[in-house]
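Just model03.txt here, compact mmCIF, C-alpha atoms:
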# COMPACT_ATOMS: atom_id res chain seq x y z
CA MET A 1 -12.39 30.79 -7.76
CA THR A 2 -12.17 28.63 -4.64
CA GLU A 3 -8.88 26.80 -4.24
CA VAL A 4 -9.17 23.01 -4.32
CA THR A 5 -8.01 21.39 -1.09
CA ALA A 6 -5.87 18.27 -1.11
CA LYS A 7 -8.69 16.29 0.46
CA GLN A 8 -11.23 17.44 -2.12
CA ARG A 9 -8.78 16.71 -4.92
CA LEU A 10 -8.47 13.10 -3.77
CA VAL A 11 -12.20 12.68 -3.17
CA ASP A 12 -12.92 13.96 -6.68
CA ALA A 13 -10.45 11.50 -8.18
CA LEU A 14 -11.87 8.61 -6.15
CA ASN A 15 -15.35 9.49 -7.38
CA HIS A 16 -14.11 9.39 -10.97
CA ARG A 17 -14.20 13.11 -11.50
CA GLU A 18 -11.31 15.11 -12.93
CA PRO A 19 -9.94 17.50 -10.28
CA ASP A 20 -7.55 20.35 -11.04
CA ARG A 21 -4.59 17.97 -11.11
CA ILE A 22 -3.76 14.34 -10.40
CA PRO A 23 -3.50 13.65 -6.65
CA LEU A 24 -0.07 12.58 -5.42
CA ASP A 25 0.87 10.08 -2.73
CA LEU A 26 4.32 9.66 -1.24
CA GLY A 27 4.72 7.72 1.97
CA SER A 28 1.15 7.42 3.26
CA THR A 29 1.48 3.64 3.53
CA GLY A 30 4.13 0.94 3.77
CA ILE A 31 3.54 0.13 0.11
CA THR A 32 3.60 3.64 -1.37
CA GLY A 33 6.74 4.88 0.36
CA ILE A 34 10.42 5.45 -0.23
CA SER A 35 13.60 3.83 1.03
CA ARG A 36 15.24 5.85 3.78
CA HIS A 37 18.52 5.88 1.82
CA ALA A 38 16.87 7.08 -1.41
CA LEU A 39 14.96 9.73 0.52
CA ILE A 40 18.11 11.12 2.14
CA ARG A 41 19.90 11.31 -1.22
CA TYR A 42 16.92 13.08 -2.82
CA LEU A 43 16.72 15.64 -0.01
CA GLU A 44 20.42 16.34 -0.40
CA PHE A 45 20.02 16.58 -4.17
CA ILE A 46 17.31 19.25 -3.96
CA GLY A 47 19.14 21.09 -1.16
CA MET A 48 16.48 20.57 1.48
CA PRO A 49 18.03 20.37 4.97
CA HIS A 50 17.26 17.32 7.07
CA ASP A 51 18.34 16.32 10.52
CA GLY A 52 18.31 12.59 9.95
CA ILE A 53 15.38 10.57 8.65
CA GLU A 54 13.56 8.17 10.95
CA LEU A 55 12.34 4.78 9.79
CA TYR A 56 8.67 4.62 8.96
CA GLU A 57 8.69 0.87 8.45
CA VAL A 58 11.65 -1.18 9.61
CA THR A 59 11.09 -4.36 7.57
CA GLN A 60 11.30 -2.53 4.24
CA GLN A 61 13.61 0.22 5.57
CA LEU A 62 11.25 2.98 4.50
CA GLY A 63 11.83 6.56 5.60
CA VAL A 64 9.44 9.03 7.19
CA VAL A 65 8.86 11.65 4.50
CA PRO A 66 9.34 15.12 6.08
CA GLU A 67 6.24 17.30 6.11
CA LYS A 68 8.26 20.12 4.51
CA LEU A 69 8.99 17.91 1.52
CA MET A 70 5.38 16.78 1.23
CA GLN A 71 4.21 20.38 1.20
CA TRP A 72 6.85 21.30 -1.38
CA LEU A 73 5.89 18.41 -3.67
CA GLY A 74 2.14 18.86 -3.18
CA VAL A 75 1.47 15.44 -1.66
CA ASP A 76 -2.28 15.15 -1.13
CA VAL A 77 -2.55 12.35 1.42
CA ARG A 78 -1.17 11.58 4.86
CA GLY A 79 -0.99 8.19 6.48
CA LEU A 80 -2.27 7.42 9.96
CA ASP A 81 -1.21 4.12 11.47
CA PRO A 82 -1.89 2.25 14.71
CA ARG A 83 0.83 1.57 17.24
CA PRO A 84 1.96 -1.94 18.22
CA GLY A 85 0.25 -3.56 21.17
CA SER A 86 1.47 -2.82 24.70
CA LYS A 87 3.12 -6.24 25.01
CA TYR A 88 5.35 -5.76 21.97
CA GLN A 89 8.61 -3.86 21.70
CA LEU A 90 10.86 -3.95 18.64
CA ASP A 91 14.13 -5.61 19.59
CA ILE A 92 16.67 -5.86 16.76
CA ARG A 93 19.64 -8.01 17.68
CA ARG A 94 22.79 -9.04 15.87
CA GLN A 95 23.08 -12.73 15.05
CA GLY A 96 26.20 -13.60 13.08
CA ASP A 97 26.36 -11.33 10.04
CA SER A 98 22.70 -10.24 10.24
CA ASP A 99 20.31 -8.06 12.19
CA VAL A 100 17.36 -10.11 13.44
CA PHE A 101 14.02 -9.34 15.04
CA TYR A 102 10.65 -10.98 15.67
CA ASP A 103 7.47 -9.07 14.94
CA GLU A 104 4.24 -8.88 16.91
CA TRP A 105 2.96 -12.04 15.22
CA GLY A 106 6.05 -14.08 16.14
CA ILE A 107 7.48 -14.03 12.59
CA GLY A 108 11.27 -13.84 12.41
CA TRP A 109 13.01 -11.34 10.10
CA ARG A 110 16.68 -10.81 9.25
CA LYS A 111 18.83 -8.48 7.17
CA PRO A 112 22.54 -8.69 6.36
CA LEU A 113 24.50 -6.05 8.26
CA ASP A 114 25.93 -4.48 5.11
CA SER A 115 22.58 -4.33 3.26
CA GLN A 116 20.57 -1.18 2.58
CA LEU A 117 17.65 -3.26 1.39
CA TYR A 118 15.13 -4.94 3.67
CA PHE A 119 14.50 -7.71 6.14
CA ASP A 120 13.48 -11.14 4.84
CA MET A 121 11.37 -13.70 6.68
CA PHE A 122 13.25 -16.66 8.09
CA TYR A 123 10.98 -18.03 10.84
CA ALA A 124 7.29 -19.00 10.75
CA PRO A 125 5.87 -19.55 14.26
CA LEU A 126 3.16 -21.99 13.11
CA ALA A 127 5.38 -24.08 10.86
CA ARG A 128 4.79 -27.16 13.03
CA ALA A 129 1.06 -26.67 13.57
CA GLU A 130 -0.88 -29.87 12.96
CA SER A 131 -4.39 -28.98 14.12
CA VAL A 132 -6.86 -26.19 14.62
CA ALA A 133 -6.00 -26.33 18.32
CA ASP A 134 -2.40 -25.47 17.45
CA ILE A 135 -3.64 -22.41 15.56
CA GLU A 136 -5.73 -21.29 18.52
CA ARG A 137 -2.89 -21.75 21.01
CA HIS A 138 -0.64 -19.33 19.15
CA ALA A 139 0.09 -16.06 20.98
CA TRP A 140 -1.98 -13.84 18.70
CA PRO A 141 -1.75 -10.06 19.22
CA ASP A 142 -4.75 -8.48 20.94
CA PRO A 143 -6.64 -6.26 18.48
CA ASP A 144 -8.48 -4.63 21.39
CA ASP A 145 -5.33 -3.45 23.17
CA PRO A 146 -5.94 0.28 23.92
CA ALA A 147 -2.26 1.08 23.31
CA ARG A 148 -2.79 0.31 19.65
CA TYR A 149 -5.25 3.18 19.27
CA ALA A 150 -3.78 5.70 21.72
CA LEU A 151 -2.79 8.27 19.10
CA LEU A 152 -5.32 7.69 16.33
CA GLU A 153 -8.00 10.21 17.27
CA ARG A 154 -5.55 12.97 18.14
CA GLY A 155 -3.41 12.17 15.10
CA ALA A 156 -6.37 12.38 12.74
CA ALA A 157 -7.45 15.73 14.16
CA LEU A 158 -3.93 17.11 13.96
CA LEU A 159 -3.40 16.00 10.37
CA GLU A 160 -6.73 17.44 9.33
CA VAL A 161 -5.97 20.84 10.83
CA THR A 162 -2.28 21.19 9.96
CA THR A 163 -2.13 19.68 6.48
CA GLY A 164 -5.59 19.77 4.93
CA ALA A 165 -4.69 16.46 3.33
CA ALA A 166 -6.83 13.38 2.93
CA ILE A 167 -6.20 10.79 5.65
CA VAL A 168 -5.34 7.20 4.81
CA LEU A 169 -5.91 4.87 7.76
CA GLY A 170 -3.43 2.01 7.92
CA ARG A 171 -4.08 -1.58 8.87
CA MET A 172 -2.92 -3.50 11.91
CA ALA A 173 -1.69 -6.51 9.99
CA PRO A 174 -0.65 -7.82 6.59
CA GLY A 175 -3.38 -9.28 4.40
CA THR A 176 -5.57 -12.24 5.30
CA LEU A 177 -3.83 -14.58 2.86
CA GLU A 178 -0.39 -13.06 3.45
CA LEU A 179 -0.41 -13.22 7.23
CA SER A 180 -1.74 -16.77 7.17
CA ALA A 181 1.12 -17.79 4.89
CA TRP A 182 3.74 -15.86 6.85
CA THR A 183 2.79 -17.36 10.23
CA ARG A 184 2.41 -20.89 8.86
CA GLY A 185 5.30 -20.76 6.40
CA MET A 186 4.76 -20.14 2.70
CA GLU A 187 5.28 -23.67 1.44
CA SER A 188 3.23 -25.31 4.20
CA PHE A 189 0.33 -22.89 3.92
CA TYR A 190 -0.04 -23.14 0.16
CA MET A 191 0.05 -26.93 0.47
CA ASP A 192 -2.62 -26.67 3.19
CA LEU A 193 -4.92 -24.81 0.83
CA ALA A 194 -5.03 -27.90 -1.37
CA ALA A 195 -4.33 -30.79 1.02
CA ASP A 196 -5.69 -29.60 4.39
CA PRO A 197 -8.21 -26.83 3.74
CA ASP A 198 -9.73 -27.14 7.23
CA LEU A 199 -6.42 -26.16 8.80
CA ALA A 200 -5.88 -23.42 6.26
CA CYS A 201 -9.37 -22.02 6.78
CA SER A 202 -9.01 -22.01 10.56
CA LEU A 203 -5.95 -19.82 10.12
CA LEU A 204 -7.67 -17.58 7.57
CA ASP A 205 -10.65 -17.18 9.88
CA ARG A 206 -8.47 -16.32 12.87
CA VAL A 207 -6.70 -13.61 10.91
CA THR A 208 -9.98 -12.27 9.49
CA GLU A 209 -11.48 -12.05 12.97
CA ILE A 210 -8.50 -10.10 14.29
CA LYS A 211 -8.65 -7.70 11.37
CA MET A 212 -12.39 -7.12 11.78
CA ARG A 213 -11.97 -6.32 15.46
CA TYR A 214 -9.13 -3.94 14.64
CA TRP A 215 -11.14 -2.02 12.05
CA GLU A 216 -14.12 -1.74 14.37
CA ARG A 217 -12.04 -0.02 17.03
CA ALA A 218 -9.82 2.01 14.67
CA ILE A 219 -12.71 3.43 12.66
CA SER A 220 -14.58 4.33 15.83
CA GLU A 221 -11.54 6.36 16.95
CA VAL A 222 -11.22 8.50 13.83
CA GLY A 223 -14.82 8.66 12.67
CA ASP A 224 -15.50 10.56 9.47
CA LYS A 225 -12.01 12.07 9.28
CA ILE A 226 -10.68 9.22 7.16
CA VAL A 227 -11.09 9.05 3.41
CA VAL A 228 -9.29 5.76 2.68
CA VAL A 229 -8.63 2.54 4.60
CA THR A 230 -5.93 0.16 3.41
CA GLU A 231 -5.91 -3.60 3.00
CA ALA A 232 -3.63 -5.91 1.06
CA ASP A 233 -2.98 -9.46 -0.11
CA ASP A 234 -0.27 -10.27 -2.63
CA MET A 235 -1.85 -12.93 -4.81
CA ALA A 236 0.28 -12.89 -7.96
CA SER A 237 3.81 -13.10 -9.28
CA GLN A 238 5.30 -11.28 -12.24
CA HIS A 239 3.76 -13.75 -14.66
CA SER A 240 0.72 -15.38 -13.05
CA LEU A 241 -1.42 -15.81 -9.96
CA ILE A 242 0.19 -17.66 -7.04
CA ILE A 243 -3.08 -19.38 -6.19
CA SER A 244 -5.66 -20.66 -8.65
CA PRO A 245 -8.78 -18.60 -9.29
CA ASP A 246 -10.78 -21.52 -7.94
CA ILE A 247 -8.94 -21.54 -4.61
CA TYR A 248 -9.27 -17.78 -4.36
CA ARG A 249 -13.00 -17.90 -5.01
CA ARG A 250 -13.67 -20.81 -2.65
CA LEU A 251 -11.37 -20.02 0.26
CA ILE A 252 -10.12 -16.42 0.16
CA LYS A 253 -12.85 -14.41 -1.52
CA PRO A 254 -15.56 -15.15 1.08
CA ARG A 255 -13.24 -13.87 3.81
CA HIS A 256 -12.36 -10.78 1.80
CA LYS A 257 -16.06 -10.09 1.31
CA ARG A 258 -16.79 -10.54 5.01
CA LEU A 259 -13.97 -8.18 5.95
CA PHE A 260 -14.72 -5.52 3.33
CA ASP A 261 -18.46 -5.59 4.03
CA HIS A 262 -17.60 -5.00 7.69
CA ILE A 263 -15.38 -2.03 6.82
CA HIS A 264 -17.97 -0.49 4.50
CA LYS A 265 -20.63 -0.86 7.19
CA LEU A 266 -18.41 0.85 9.76
CA ALA A 267 -17.26 3.61 7.38
CA PRO A 268 -19.76 3.85 4.54
CA ASP A 269 -18.12 6.94 3.03
CA ALA A 270 -14.56 5.59 3.12
CA PHE A 271 -12.87 3.96 0.15
CA ILE A 272 -11.14 0.58 0.46
CA PHE A 273 -7.59 0.62 -0.93
CA PHE A 274 -6.39 -2.89 -1.79
CA HIS A 275 -2.77 -3.73 -2.57
CA SER A 276 -1.85 -6.77 -4.63
CA CYS A 277 1.33 -6.92 -6.67
CA GLY A 278 1.90 -8.70 -9.93
CA ALA A 279 -0.35 -10.25 -12.59
CA ILE A 280 -3.64 -9.77 -10.77
CA TYR A 281 -5.79 -9.12 -13.88
CA GLU A 282 -7.83 -12.32 -13.67
CA LEU A 283 -9.08 -11.56 -10.16
CA ILE A 284 -9.91 -7.88 -10.62
CA PRO A 285 -13.64 -8.54 -11.26
CA ASP A 286 -13.73 -10.58 -8.04
CA LEU A 287 -12.07 -7.76 -6.10
CA ILE A 288 -14.64 -5.29 -7.40
CA GLU A 289 -17.38 -7.70 -6.42
CA VAL A 290 -16.17 -7.95 -2.80
CA GLY A 291 -16.01 -4.18 -2.38
CA VAL A 292 -12.55 -2.99 -3.39
CA ASP A 293 -12.62 0.65 -4.51
CA ILE A 294 -8.91 1.27 -5.16
CA LEU A 295 -6.34 -1.04 -6.74
CA ASN A 296 -2.65 -0.66 -5.91
CA PRO A 297 0.11 -0.77 -7.12
CA VAL A 298 -0.91 -1.38 -10.77
CA GLN A 299 2.21 -3.31 -11.70
CA VAL A 300 2.26 -2.33 -15.36
CA SER A 301 5.24 -4.58 -16.15
CA ALA A 302 3.44 -7.75 -15.03
CA ALA A 303 1.59 -10.11 -17.36
CA GLY A 304 -1.87 -8.90 -18.34
CA MET A 305 -1.51 -5.55 -16.57
CA ASP A 306 -1.64 -3.31 -19.62
CA PRO A 307 -2.79 0.05 -18.24
CA ARG A 308 -4.91 0.98 -21.25
CA ARG A 309 -6.79 -2.29 -20.99
CA LEU A 310 -7.22 -1.90 -17.23
CA LYS A 311 -8.57 1.62 -17.63
CA LYS A 312 -10.97 0.61 -20.38
CA GLU A 313 -12.34 -2.45 -18.59
CA PHE A 314 -12.31 -1.36 -14.94
CA GLY A 315 -11.77 2.40 -14.92
CA SER A 316 -15.40 3.22 -14.15
CA GLU A 317 -15.39 1.03 -11.02
CA LEU A 318 -11.82 1.18 -9.72
CA THR A 319 -9.39 3.94 -8.90
CA PHE A 320 -5.82 3.08 -9.86
CA TRP A 321 -3.43 4.19 -7.12
CA GLY A 322 0.08 3.74 -8.45
CA GLY A 323 1.42 2.64 -11.80
CA GLY A 324 2.87 6.11 -12.40
CA VAL A 325 6.33 4.80 -13.25
CA ASP A 326 7.90 1.35 -13.38
CA THR A 327 10.08 0.65 -10.32
CA GLN A 328 11.73 -2.49 -11.65
CA ARG A 329 13.67 -0.97 -14.56
CA ILE A 330 12.77 2.59 -15.52
CA LEU A 331 12.99 4.42 -12.20
CA PRO A 332 16.19 2.78 -10.86
CA HIS A 333 18.02 2.14 -14.13
CA GLY A 334 16.56 4.43 -16.79
CA THR A 335 17.65 7.92 -17.74
CA PRO A 336 15.78 11.01 -16.52
CA LYS A 337 14.32 11.33 -20.02
CA GLU A 338 13.05 7.74 -19.90
CA VAL A 339 11.46 8.47 -16.53
CA ARG A 340 9.82 11.59 -17.89
CA ASP A 341 8.48 9.74 -20.93
CA GLU A 342 7.15 6.90 -18.79
CA VAL A 343 5.32 9.26 -16.45
CA ARG A 344 3.77 11.09 -19.38
CA ARG A 345 2.67 7.80 -20.96
CA ARG A 346 1.10 6.46 -17.74
CA ILE A 347 -0.76 9.71 -17.15
CA ASP A 348 -2.16 9.52 -20.67
CA GLU A 349 -3.28 5.94 -20.05
CA LEU A 350 -4.65 6.08 -16.50
CA ALA A 351 -5.67 9.65 -15.68
CA PRO A 352 -8.55 10.50 -18.07
CA GLY A 353 -11.88 10.79 -16.27
CA GLY A 354 -10.30 10.79 -12.81
CA GLY A 355 -9.85 7.56 -10.90
CA PHE A 356 -6.07 7.87 -10.76
CA VAL A 357 -3.72 8.73 -7.88
CA PHE A 358 -0.08 9.13 -8.78
CA ASN A 359 2.42 6.89 -7.05
CA THR A 360 5.19 4.64 -8.27
CA VAL A 361 4.73 0.91 -8.82
CA HIS A 362 5.39 -0.03 -5.17
CA ASN A 363 7.96 1.56 -2.88
CA ILE A 364 10.88 3.58 -4.23
CA GLN A 365 13.93 1.43 -3.58
CA CYS A 366 17.33 2.46 -2.28
CA ASP A 367 19.08 2.32 -5.66
CA VAL A 368 16.95 4.99 -7.35
CA PRO A 369 19.08 8.00 -8.42
CA PRO A 370 17.84 11.35 -7.11
CA GLU A 371 17.99 12.73 -10.66
CA ASN A 372 15.32 10.21 -11.64
CA LEU A 373 13.10 11.16 -8.73
CA ALA A 374 13.43 14.81 -9.74
CA ALA A 375 12.47 13.89 -13.31
CA MET A 376 9.45 11.96 -12.05
CA PHE A 377 8.08 14.80 -9.92
CA ASP A 378 8.82 17.38 -12.62
CA ALA A 379 6.94 15.31 -15.20
CA LEU A 380 3.97 14.93 -12.88
CA ARG A 381 3.83 18.70 -12.38
CA GLU A 382 4.02 19.25 -16.12
CA PHE A 383 1.63 16.60 -17.41
CA GLY A 384 -0.59 15.96 -14.40
CA VAL A 385 -2.78 19.05 -14.78
CA TYR A 386 -6.23 18.26 -16.11
CA GLY A 387 -7.23 19.97 -19.32
CA LYS A 388 -4.00 21.91 -19.80
CA THR A 389 -2.48 21.79 -23.29
CA ARG A 390 1.28 21.39 -23.70
CA ASP A 391 3.09 20.84 -26.99
CA GLY A 392 -0.18 19.91 -28.64
CA VAL A 393 -0.98 17.27 -26.03
CA VAL A 394 -3.90 17.65 -23.65
CA ALA A 395 -2.69 16.24 -20.36
CA ALA A 396 -5.03 13.87 -18.56
CA GLN A 397 -8.13 14.68 -20.56
CA HIS A 398 -10.73 12.51 -22.27
CA THR A 399 -9.76 11.58 -25.80
Show how you would write the structure in this file as structure tokens.
Amino acid sequence: MTEVTAKQRLVDALNHREPDRIPLDLGSTGITGISRHALIRYLEFIGMPHDGIELYEVTQQLGVVPEKLMQWLGVDVRGLDPRPGSKYQLDIRRQGDSDVFYDEWGIGWRKPLDSQLYFDMFYAPLARAESVADIERHAWPDPDDPARYALLERGAALLEVTTGAAIVLGRMAPGTLELSAWTRGMESFYMDLAADPDLACSLLDRVTEIKMRYWERAISEVGDKIVVVTEADDMASQHSLIISPDIYRRLIKPRHKRLFDHIHKLAPDAFIFFHSCGAIYELIPDLIEVGVDILNPVQVSAAGMDPRRLKKEFGSELTFWGGGVDTQRILPHGTPKEVRDEVRRRIDELAPGGGFVFNTVHNIQCDVPPENLAAMFDALREFGVYGKTRDGVVAAQHT
């Protein structure tokens, strides 16, 4: 019997077929990763040597997951990300009791010196913009900068040969809605959507154009080596949407469709992974309509995000990437047994028929005990095998 490769395992799941086991992601993106501090503690807990862990993503303080650990855990995907443009260099400076830096978009971020958490936004470069001309005058990053793509082709080839994993191609920028709000300032931008839609739309269009140009160049560099491309836009809170369905459908959805149509045209065999936290249920049909193939993170604790309901209503059209264990309460504060039970329950709810990739609900935070991570991975190994009976329960099989 031919051994299933990691890439084939993921492709089967994305095509709603049951592979040999549920595919696993850990650290392929900035929204499916692990805090550097939690990662170090877990490596020490399992006795795996490490010579320091580099930061994968500075804002959220995520760690680069060592290849040795990914092989040991059976992680099926590897992330491939662009570099910053040639004009940008990360420069973290101390201001008072905080570390501060400005990103490539001009957004200011700061983190208290004694915090193991993450950087928060404190400066929006377009906060005082009053016209479309002000939007255009902003120092936008160049999506055509060759430095951004310098390592993509070689990186894709290397990952393909050395790991056999499926490649997830990362984005240049936060989501269309997110980046517009971050550069303008959250309060001002959401007011613009209602009171000054022309200004808001000029910003949305500028961001969409940059993203389209990025994907055109990035996809041309890696060709058919990629399986998944990632996009994101947080559009909900724990309890509800943060914009009305009407505003989404009038102002955001057409830009999502334009962007996703462009990606699908450039990479017709690739799957679009879309991240949106919170109570996103009401907009899921719209996301399917504009071309989303994969929904992440499946925040099962948010209003309306019952996994059984999601699987029943959307499981034939969407792959659920995440939702494997709650990261708000169970993973950081539960017992190992509670973690194990949660993983088993989520597998039962989301895995039948394929269309499920195991990951936590968003990044693993710094306060997660290593014992709970061990329980999570052990439970996945035990219950994540398709068609295998344990204790009278058929793991991840049609019922």
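Picture a line from CA of Gly387 in chain A to CA of Asp326 in chain A; it runs 24.7 Å.
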From the list A:Val292, A:Ile252, A:Leu380, A:Ala302, which residue is nearest Ser237 in chain A when using all atoms listed in the file?
A:Ala302
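Across the structure, CA of Glu18 in chain A and CA of Asp81 in chain A are spaced 28.6 Å apart.
Counting only C-alpha atoms, the residue from A:Tyr102, A:Trp109, A:Tyr118, A:Tyr149 that sits nearest to Cys366 in chain A is A:Tyr118.
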Mind dumping a table of every range 131-195 of chain A residue within 12 Å of range 270-280 of chain A, with the nearest atom pair and its distance in Å to one decimal, using all atoms listed in the file, sorted by chain and rising number, as JSON lines?
{"residue": "A:Ala166", "atom": "CA", "partner": "A:Ala270", "partner_atom": "CA", "distance": 11.0}
{"residue": "A:Ile167", "atom": "CA", "partner": "A:Ala270", "partner_atom": "CA", "distance": 10.2}
{"residue": "A:Val168", "atom": "CA", "partner": "A:Phe273", "partner_atom": "CA", "distance": 9.0}
{"residue": "A:Leu169", "atom": "CA", "partner": "A:Phe273", "partner_atom": "CA", "distance": 9.8}
{"residue": "A:Gly170", "atom": "CA", "partner": "A:Phe273", "partner_atom": "CA", "distance": 9.9}
{"residue": "A:Arg171", "atom": "CA", "partner": "A:Phe273", "partner_atom": "CA", "distance": 10.6}
{"residue": "A:Pro174", "atom": "CA", "partner": "A:His275", "partner_atom": "CA", "distance": 10.3}
{"residue": "A:Gly175", "atom": "CA", "partner": "A:His275", "partner_atom": "CA", "distance": 8.9}
{"residue": "A:Thr176", "atom": "CA", "partner": "A:Phe274", "partner_atom": "CA", "distance": 11.8}
{"residue": "A:Leu177", "atom": "CA", "partner": "A:Ser276", "partner_atom": "CA", "distance": 11.0}
{"residue": "A:Glu178", "atom": "CA", "partner": "A:Ser276", "partner_atom": "CA", "distance": 10.3}
Anything within 10 Å of (16.6, 1.1, -5.7): list those residues as a short mmCIF file (atom, residue, chain, number, x, y, z; two decimals) with C-alpha atoms, in the coordinates of the input, counting all atoms listed in the file and sticking to the file's coordinates.
data_model
loop_
_atom_site.label_atom_id
_atom_site.label_comp_id
_atom_site.auth_asym_id
_atom_site.auth_seq_id
_atom_site.Cartn_x
_atom_site.Cartn_y
_atom_site.Cartn_z
CA ILE A 34 10.42 5.45 -0.23
CA SER A 35 13.60 3.83 1.03
CA HIS A 37 18.52 5.88 1.82
CA ALA A 38 16.87 7.08 -1.41
CA GLN A 116 20.57 -1.18 2.58
CA LEU A 117 17.65 -3.26 1.39
CA THR A 327 10.08 0.65 -10.32
CA GLN A 328 11.73 -2.49 -11.65
CA ARG A 329 13.67 -0.97 -14.56
CA LEU A 331 12.99 4.42 -12.20
CA PRO A 332 16.19 2.78 -10.86
CA HIS A 333 18.02 2.14 -14.13
CA ASN A 363 7.96 1.56 -2.88
CA ILE A 364 10.88 3.58 -4.23
CA GLN A 365 13.93 1.43 -3.58
CA CYS A 366 17.33 2.46 -2.28
CA ASP A 367 19.08 2.32 -5.66
CA VAL A 368 16.95 4.99 -7.35
CA PRO A 369 19.08 8.00 -8.42
#
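The neighbours of Ala379 in chain A here are the residues that come within 10 Å of it, using only C-alpha atoms and leaving out any residue fewer than 3 positions away in the same chain; they are Pro336, Lys337, Val339, Arg340, Asp341, Glu342, Val343, Arg344, Ile347, Leu373, Ala374, Ala375, Met376, Glu382, Phe383 and Gly384 of chain A.
Taking CA of Arg93 in chain A and CA of Thr59 in chain A as the two end points, the separation is 13.7 Å.
Each of A:Trp140, A:Trp182, A:Tyr281, A:Phe45 was compared to Leu295 in chain A using all atoms listed in the file, and A:Tyr281 turns out to be the nearest.
Residue nearest His362 in chain A within the list A:Gly74, A:Gly30, A:Pro285, A:Pro66: A:Gly30 [criterion: smallest interatomic distance, all atoms listed in the file].
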Nearby residues (all atoms listed in the file) at most 8 Å from Tyr123 in chain A, same-chain spacing under 2 positions excluded, as a list of chain:residue names:
A:Ile107, A:Gly108, A:Trp109, A:Met121, A:Pro125, A:Gly185
Can you write out the residues you just picked, keeping C-alpha atoms, as a CSV table (one decimal), keeping the file's coordinate frame?
chain,number,residue,atom,x,y,z
A,107,ILE,CA,7.5,-14.0,12.6
A,108,GLY,CA,11.3,-13.8,12.4
A,109,TRP,CA,13.0,-11.3,10.1
A,121,MET,CA,11.4,-13.7,6.7
A,125,PRO,CA,5.9,-19.6,14.3
A,185,GLY,CA,5.3,-20.8,6.4
Within 10 Å of Leu80 in chain A using only C-alpha atoms, minus same-chain residues under 2 positions, as an MDAnalysis selection string:
chainID A and resid 28:29 77:78 82:83 151:153 155:156 159 167:171 222 226 229
From the list A:Ser115, A:Ile53, A:Asp192, A:Gly164, which residue is nearest Arg41 in chain A when using all atoms listed in the file?
A:Ile53
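Using all atoms listed in the file for every distance, the candidate list A:Pro141, A:Gly33, A:Pro23, A:Pro146 yields A:Pro141 as the residue closest to Glu209 in chain A.
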Would you mind exporting range 266-299 of chain A with C-alpha atoms, as a PDB file, in the first residue's frame?
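The result, stored in result.pdb:
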ATOM      1  CA  LEU A 266      -3.874  33.158 -11.186  1.00  0.00           C
ATOM      2  CA  ALA A 267      -3.863  29.836  -9.296  1.00  0.00           C
ATOM      3  CA  PRO A 268      -6.929  27.856 -10.342  1.00  0.00           C
ATOM      4  CA  ASP A 269      -5.894  24.755  -8.398  1.00  0.00           C
ATOM      5  CA  ALA A 270      -5.080  26.566  -5.151  1.00  0.00           C
ATOM      6  CA  PHE A 271      -7.502  26.857  -2.249  1.00  0.00           C
ATOM      7  CA  ILE A 272      -8.259  30.212  -0.626  1.00  0.00           C
ATOM      8  CA  PHE A 273      -7.888  30.123   3.164  1.00  0.00           C
ATOM      9  CA  PHE A 274      -9.829  32.950   4.827  1.00  0.00           C
ATOM     10  CA  HIS A 275      -9.399  33.921   8.469  1.00  0.00           C
ATOM     11  CA  SER A 276     -12.140  35.728  10.358  1.00  0.00           C
ATOM     12  CA  CYS A 277     -12.519  35.433  14.114  1.00  0.00           C
ATOM     13  CA  GLY A 278     -15.680  35.525  16.128  1.00  0.00           C
ATOM     14  CA  ALA A 279     -19.396  35.221  15.338  1.00  0.00           C
ATOM     15  CA  ILE A 280     -19.076  35.118  11.560  1.00  0.00           C
ATOM     16  CA  TYR A 281     -21.997  32.715  10.923  1.00  0.00           C
ATOM     17  CA  GLU A 282     -24.248  35.240   9.177  1.00  0.00           C
ATOM     18  CA  LEU A 283     -21.665  36.033   6.503  1.00  0.00           C
ATOM     19  CA  ILE A 284     -20.516  32.488   5.735  1.00  0.00           C
ATOM     20  CA  PRO A 285     -22.826  32.123   2.681  1.00  0.00           C
ATOM     21  CA  ASP A 286     -21.402  35.396   1.343  1.00  0.00           C
ATOM     22  CA  LEU A 287     -17.842  34.166   1.842  1.00  0.00           C
ATOM     23  CA  ILE A 288     -18.628  30.974  -0.063  1.00  0.00           C
ATOM     24  CA  GLU A 289     -20.174  33.066  -2.814  1.00  0.00           C
ATOM     25  CA  VAL A 290     -17.039  35.194  -3.265  1.00  0.00           C
ATOM     26  CA  GLY A 291     -14.770  32.164  -3.519  1.00  0.00           C
ATOM     27  CA  VAL A 292     -13.566  31.240  -0.043  1.00  0.00           C
ATOM     28  CA  ASP A 293     -12.639  27.552   0.167  1.00  0.00           C
ATOM     29  CA  ILE A 294     -11.350  27.330   3.756  1.00  0.00           C
ATOM     30  CA  LEU A 295     -12.692  29.016   6.886  1.00  0.00           C
ATOM     31  CA  ASN A 296     -10.390  29.711   9.830  1.00  0.00           C
ATOM     32  CA  PRO A 297     -10.273  29.695  12.848  1.00  0.00           C
ATOM     33  CA  VAL A 298     -13.793  28.322  13.522  1.00  0.00           C
ATOM     34  CA  GLN A 299     -14.223  30.077  16.854  1.00  0.00           C
TER      35      GLN A 299
END
